[in-house]
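*Asks:* One structure follows; several queries about it will come next.
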Amino acid sequence: MTSVQPDLAPWARDTVLQWLKENVPEIRIQHILRVEAMARDLAQRHQLDQEQAARAGLMHDLAKYFPPAQLLALAQKHQLPTDPVDEANPHLLHAQVSALVAQETFGITDTEILAAISNHTLGQPQMSDLSCVVFLADSLEPGRGDRPKVQAAREMSYQDLHHAVALVCDLTLKHLVKTQRLIHPRMVLTRNWAWLELQS
Ligand SMILES: Nc1ncnc2c1ncn2[C@@H]1O[C@H](COP(=O)(O)OP(=O)(O)O)[C@@H](O)[C@H]1O
């Protein structure tokens with residue numbers, strides 16, 4: 001992994017966009033830009049830092065196309081906590097590895113941004129509102145379609161972050177059960193946390 005040149009600004013959107021053009025197909029870049037825009041929008045709606053949300057949105061899928069062996073090797077090298085489901089489906093590690101790339105290649109040190117990138121696929125119990133925003137933007141950006149349940153979760157994301165996280169987890173988990181796929185336990189923990197938050 002190449003490191004950011006010392007003369008480059010620690011944060012430069014164009015530098016990230018150029019990297020994405022070299023490492024990610026155009027169709028995924030379009031998704032990434034919609035996540036960036038929706039994360040900014042949600043942050044504004046919930047009085048959060050829009051720049052932090054947009055940066056996390058722009059960098060959430062940096063490792064999306066890393067091969068499984070590279071994801072596993074990086075997870076091991078950086079001692080990321082892994083579950084047997086990650087080993088069976090290393091693609092799930094792309095969220096945590098994207099945070100590593102943001103740190104090592106683009107010099108991102110803001111731990112809230114790094115956590116939001118890391119949490120974008122499976123969430124995390126007690127995750128911050130910024131993490132909720134990026135998790136929701138990834139699942140609910142306009143390119144995800146307008147099925148009634150997706151639309152309902154999208155509308156909820158502008159009202160109540162935890163309620164929307166609970167709805168998105170339920171949608172993903174139902175889909176995984178229906179297609180007989182493995183379920184990563186962290187999303188179950190995220191789902192229970194989000195529903196419990198609503199009761200407290
Ligand atoms: N809780 C989970 N357990 C197992 N697989 C999951 C879970 N959540 C998402 N996935 C799968 O992981 C992959 C990556 O998810 P995601 O980052 O949301 O991908 P995308 O942005 O391409 O939809 C998808 O194939 C999705 O079905």
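Here's how to read the names in the structure tokens: chain A, B, ... by the order shown, residue numbers from 1 in each chain, ligand numbers from 1 in the order shown.
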Neighbouring residues of Ala54 (chain A) were defined as those with any atom within 7 Å, considering only C-alpha atoms; residues of the same chain fewer than 5 positions away were excluded. Please report them as a list of chain:residue names.

*Replies:* A:Glu36, A:Ala37, A:Ala39, A:Arg40

*Asks:* May I have the residues from that selection written out with C-alpha atoms, as a PDB file, in the first residue's frame?

*Replies:*
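As written to disk, result_32.pdb reads:
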```
ATOM      1  CA  GLU A  36     -21.090  11.019   0.109  1.00  0.00           C
ATOM      2  CA  ALA A  37     -24.031  13.275  -0.808  1.00  0.00           C
ATOM      3  CA  ALA A  39     -24.211  11.290   4.323  1.00  0.00           C
ATOM      4  CA  ARG A  40     -23.747  15.053   4.079  1.00  0.00           C
TER       5      ARG A  40
END
```

*Asks:* Please extract the residues at most 6 Å from ligand 1, counting only C-alpha atoms and all ligand atoms, and provide them as number ranges by chain, using the chain letters and residue numbers of this document.

*Replies:* A: 92, 121-122, 182-184, 187

*Asks:* Store the residues picked out above in a file with C-alpha atoms, as a JSON list (two decimals), in the first residue's frame.

*Replies:*
```
[["chain", "number", "residue", "atom", "x", "y", "z"],
["A", 92, "LEU", "CA", -17.02, -8.43, 4.73],
["A", 121, "THR", "CA", -21.48, -2.61, 6.44],
["A", 122, "LEU", "CA", -22.26, -4.32, 9.75],
["A", 182, "LEU", "CA", -24.19, -16.65, 6.46],
["A", 183, "ILE", "CA", -25.03, -13.87, 8.89],
["A", 184, "HIS", "CA", -22.26, -11.94, 10.56],
["A", 187, "MET", "CA", -25.03, -7.11, 12.52]]
```

*Asks:* Residues near Pro142 (chain A), anyone? I mean within 9 Å using only C-alpha atoms, not counting same-chain ones fewer than 2 positions away, as an MDAnalysis selection string.

*Replies:* chainID A and resid 31 34:35 38 137 140 144:146 154

*Asks:* Can you check which residues of region 10-193 of chain A DSSP gives as alpha helix (DSSP H) on the backbone and send them as a ChimeraX atom specification?

*Replies:* /A:13-23,26-45,50-59,68-77,84-88,94-106,111-118,129-140,148-157,161-178,185-193

*Asks:* What does the distance from CA of Gln103 (chain A) to CA of Thr190 (chain A) come to in Å, to one decimal?

*Replies:* 24.5 Å

*Asks:* Would you mind reading off the distance between CA of Ile32 (chain A) and CA of Ala194 (chain A), one decimal, in Å?

*Replies:*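 CA of Ala194 (chain A) lies 24.7 Å from CA of Ile32 (chain A).
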
*Asks:* Using only C-alpha atoms for the distances, tell me which of A:Ala95, A:Leu167, A:Leu136, A:Leu176 is nearest to Leu42 (chain A).

*Replies:*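 Smallest distance to Leu42 (chain A) is found for A:Leu136.
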
*Asks:* Mind checking which residues fall within 10 Å of region 114-119 of chain A, counting only C-alpha atoms, ignoring those fewer than 6 positions away in the same chain, and posting them as an MDAnalysis selection string?

*Replies:* chainID A and resid 52:53 55:62 93:103 108 125 127:135 186:187 190

*Asks:* Save out the residues we just selected, C-alpha atoms, as a tab-separated table (two decimals), in the first residue's frame.

*Replies:*
```
chain	number	residue	atom	x	y	z
A	52	GLN	CA	-16.79	14.47	8.52
A	53	ALA	CA	-19.84	12.68	7.10
A	55	ARG	CA	-15.31	12.37	3.95
A	56	ALA	CA	-16.36	9.08	5.52
A	57	GLY	CA	-18.91	8.61	2.71
A	58	LEU	CA	-16.30	9.26	0.03
A	59	MET	CA	-13.85	6.78	1.56
A	60	HIS	CA	-16.21	4.05	2.79
A	61	ASP	CA	-15.55	1.62	-0.09
A	62	LEU	CA	-11.82	2.16	-0.75
A	93	LEU	CA	-13.62	-7.13	5.87
A	94	HIS	CA	-13.62	-4.44	3.17
A	95	ALA	CA	-15.20	-1.94	5.59
A	96	GLN	CA	-12.46	-2.23	8.22
A	97	VAL	CA	-9.75	-2.42	5.56
A	98	SER	CA	-11.14	0.72	3.87
A	99	ALA	CA	-10.52	2.53	7.16
A	100	LEU	CA	-6.92	1.28	7.11
A	101	VAL	CA	-6.47	2.59	3.56
A	102	ALA	CA	-7.98	5.95	4.56
A	103	GLN	CA	-5.44	6.15	7.37
A	108	ILE	CA	-6.88	10.37	7.83
A	125	PRO	CA	-23.46	-1.56	19.02
A	127	MET	CA	-21.87	3.34	17.31
A	128	SER	CA	-21.83	7.12	17.02
A	129	ASP	CA	-24.44	9.14	15.15
A	130	LEU	CA	-21.80	9.79	12.47
A	131	SER	CA	-21.36	6.03	12.01
A	132	CYS	CA	-25.16	5.62	11.83
A	133	VAL	CA	-25.27	8.28	9.09
A	134	VAL	CA	-22.69	6.51	6.90
A	135	PHE	CA	-24.22	3.06	7.54
A	186	ARG	CA	-21.99	-8.16	14.56
A	187	MET	CA	-25.03	-7.11	12.52
A	190	THR	CA	-26.11	-3.84	15.94
```

*Asks:* How many Å lie between CA of Asp49 (chain A) and CA of Leu161 (chain A), rounded to one decimal?

*Replies:*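 Rounded to one decimal, the two atoms are 14.9 Å apart.
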
*Asks:* Please determine, counting only C-alpha atoms, which residue among A:Ala63, A:Val150, A:Ile113, A:Val24 has the shortest atom-to-atom distance to Pro90 (chain A).

*Replies:*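 For Pro90 (chain A), the nearest of the candidates is A:Ala63.
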
*Asks:* From the options A:Lys174, A:Tyr158, A:Ala164, A:Leu17, which residue's atoms come nearest to Leu198 (chain A), counting only C-alpha atoms?

*Replies:*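 Of all the options, A:Ala164 lies closest to Leu198 (chain A).
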
*Asks:* So which one's closest to Ala73 (chain A), A:Glu87, A:Ala43, A:Val16, A:Arg181? Using only C-alpha atoms, please.

*Replies:*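 That would be A:Glu87, the residue with the smallest distance to Ala73 (chain A).
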